Amino acid sequence: MASSVVGLRRFLGALALLLLAHQATAAGPLAFIGRSGSKLVTLSDARAAGLTVCRTWAFNDGGNSPLQSSPGVYNENVFQALDFVVSEAKNNGIRLILSLINNYKDYGGRPQYVQWARNAGESIQTDDDFYTNAKVKQYYKNHVQKVLTRVNTITKIAYKDDPTIMSWELMNEPRCEVDHSGKTVTQAWVKEMAAYTKSIDGKHLLEVGFEGFYGDSTPDKIKLYNPNAYQLGTDYITSNQVNEIDYTTIHAYPDIW
């Protein structure tokens, strides 16, 4: 029971403030948000109805009260906590962006996937092998498949069929220190995983989860716009031109950069 409560609190944390701020139930059923060229359709209707979009985690890998305790092994109590979040979002007319893994070690993330592969006998040098090692990539694909095909125990709707979910996010703030050009992330991983995700679910929008750093395809923008001219292994332009990626994101921290 204790682990179930902790898991519930983890998933509710990101949603709590929005639920307090917006208690009105939306009028009428939700429709899928789609993309037409460069525009997201139904967003104007959402604004008129006073709806809110919230991004939260569809992961917690290893550690205490995990969603995924080891590759392919899931804690049903924690998954039901995520079911509850999706159900409550639906009841309150809130759209969700669900992120599928973290770049950082918080809640497991890339480091946990890489450690799982090491434990399985894979020869791995750094956490950046996450993007290239076949076993690690399969772990990730398995998780994508598990989450997208999950049937919510409350709503009885599969996640991939639920318009409460606005979009999937491939990763929270992907970075790749061993290849500052962005090619490892962009030309390989994003293309492969975006295509795989869309092969399971062609209804929902998909985004990468970038902070917004420019890369080698636009060298003039690196010094001009990247804070401290950082290059962190991503290319904002080329990655977001991948056919299966529907819209772009940036993560802005005005008090820092």
# chains A, B, ... in the order shown; residues from 1 in each chain; ligands from 1
$ select_by_dssp --residues "region 56-106 of chain A" --states "alpha helix (DSSP H)" --output "list in words"
Glu76, Asn77, Val78, Phe79, Gln80, Ala81, Leu82, Asp83, Phe84, Val85, Val86, Ser87, Glu88, Ala89, Lys90 and Asn91 of chain A
$ write_last_selection --atoms "C-alpha atoms" --output "tab-separated table (two decimals), in the first residue's frame"
chain	number	residue	atom	x	y	z
A	76	GLU	CA	0.51	-2.28	-11.78
A	77	ASN	CA	-0.27	-0.07	-8.78
A	78	VAL	CA	1.86	2.74	-10.19
A	79	PHE	CA	0.39	2.25	-13.67
A	80	GLN	CA	-3.07	2.60	-12.14
A	81	ALA	CA	-1.92	5.89	-10.61
A	82	LEU	CA	-1.13	7.11	-14.12
A	83	ASP	CA	-4.54	5.81	-15.23
A	84	PHE	CA	-6.05	8.01	-12.54
A	85	VAL	CA	-4.16	11.07	-13.75
A	86	VAL	CA	-5.41	10.52	-17.31
A	87	SER	CA	-8.96	9.96	-16.05
A	88	GLU	CA	-8.92	13.09	-13.89
A	89	ALA	CA	-7.51	15.12	-16.78
A	90	LYS	CA	-10.38	13.87	-18.93
A	91	ASN	CA	-12.94	14.77	-16.26
$ residues_around --residues "Ile200 (chain A)" --least-positions-apart "3" --cutoff "10 Å" --atoms "only C-alpha atoms" --output "list in words"
Val144, Gln145, Leu148, Thr149, Lys160, Ala195, Tyr196, Thr197 and Lys203 of chain A
$ closest_residue --among "A:Thr155, A:Trp189, A:Tyr104, A:Gly72" --to "Asp129 (chain A)" --atoms "only C-alpha atoms"
A:Trp189
$ closest_residue --among "A:Tyr107, A:Ser181, A:Pro29, A:Lys223" --to "Ser65 (chain A)" --atoms "only C-alpha atoms"
A:Tyr107
$ residues_around --residues "Glu211 (chain A)" --least-positions-apart "4" --cutoff "12 Å" --atoms "only C-alpha atoms" --output "PyMOL selection string"
chain A and resi 103+171-175+207+226-227+230-236+248-253+257
$ closest_residue --among "A:Tyr214, A:Phe59, A:Tyr159, A:Tyr113" --to "Lys137 (chain A)" --atoms "only C-alpha atoms"
A:Tyr113
$ decode --residues "region 78-107 of chain A" --atoms "C-alpha atoms" --output "PDB file, in the first residue's frame"
ATOM      1  CA  VAL A  78       1.863   2.741 -10.194  1.00  0.00           C
ATOM      2  CA  PHE A  79       0.394   2.249 -13.667  1.00  0.00           C
ATOM      3  CA  GLN A  80      -3.071   2.599 -12.139  1.00  0.00           C
ATOM      4  CA  ALA A  81      -1.922   5.888 -10.609  1.00  0.00           C
ATOM      5  CA  LEU A  82      -1.133   7.114 -14.117  1.00  0.00           C
ATOM      6  CA  ASP A  83      -4.538   5.806 -15.231  1.00  0.00           C
ATOM      7  CA  PHE A  84      -6.053   8.010 -12.537  1.00  0.00           C
ATOM      8  CA  VAL A  85      -4.159  11.068 -13.750  1.00  0.00           C
ATOM      9  CA  VAL A  86      -5.407  10.522 -17.310  1.00  0.00           C
ATOM     10  CA  SER A  87      -8.955   9.956 -16.045  1.00  0.00           C
ATOM     11  CA  GLU A  88      -8.919  13.094 -13.888  1.00  0.00           C
ATOM     12  CA  ALA A  89      -7.513  15.124 -16.779  1.00  0.00           C
ATOM     13  CA  LYS A  90     -10.381  13.866 -18.927  1.00  0.00           C
ATOM     14  CA  ASN A  91     -12.943  14.773 -16.259  1.00  0.00           C
ATOM     15  CA  ASN A  92     -11.525  18.286 -15.976  1.00  0.00           C
ATOM     16  CA  GLY A  93     -11.079  18.942 -19.682  1.00  0.00           C
ATOM     17  CA  ILE A  94      -7.280  19.060 -19.443  1.00  0.00           C
ATOM     18  CA  ARG A  95      -5.080  17.791 -22.273  1.00  0.00           C
ATOM     19  CA  LEU A  96      -1.944  15.840 -21.414  1.00  0.00           C
ATOM     20  CA  ILE A  97       1.472  15.665 -23.032  1.00  0.00           C
ATOM     21  CA  LEU A  98       3.000  12.399 -21.831  1.00  0.00           C
ATOM     22  CA  SER A  99       6.784  12.134 -21.842  1.00  0.00           C
ATOM     23  CA  LEU A 100       8.141   8.612 -22.332  1.00  0.00           C
ATOM     24  CA  ILE A 101      11.616   8.835 -20.749  1.00  0.00           C
ATOM     25  CA  ASN A 102      13.914  11.312 -19.033  1.00  0.00           C
ATOM     26  CA  ASN A 103      17.312  12.369 -20.327  1.00  0.00           C
ATOM     27  CA  TYR A 104      18.568  12.666 -16.763  1.00  0.00           C
ATOM     28  CA  LYS A 105      18.988  10.157 -13.938  1.00  0.00           C
ATOM     29  CA  ASP A 106      15.952  11.553 -12.123  1.00  0.00           C
ATOM     30  CA  TYR A 107      13.261   8.871 -12.238  1.00  0.00           C
TER      31      TYR A 107
END
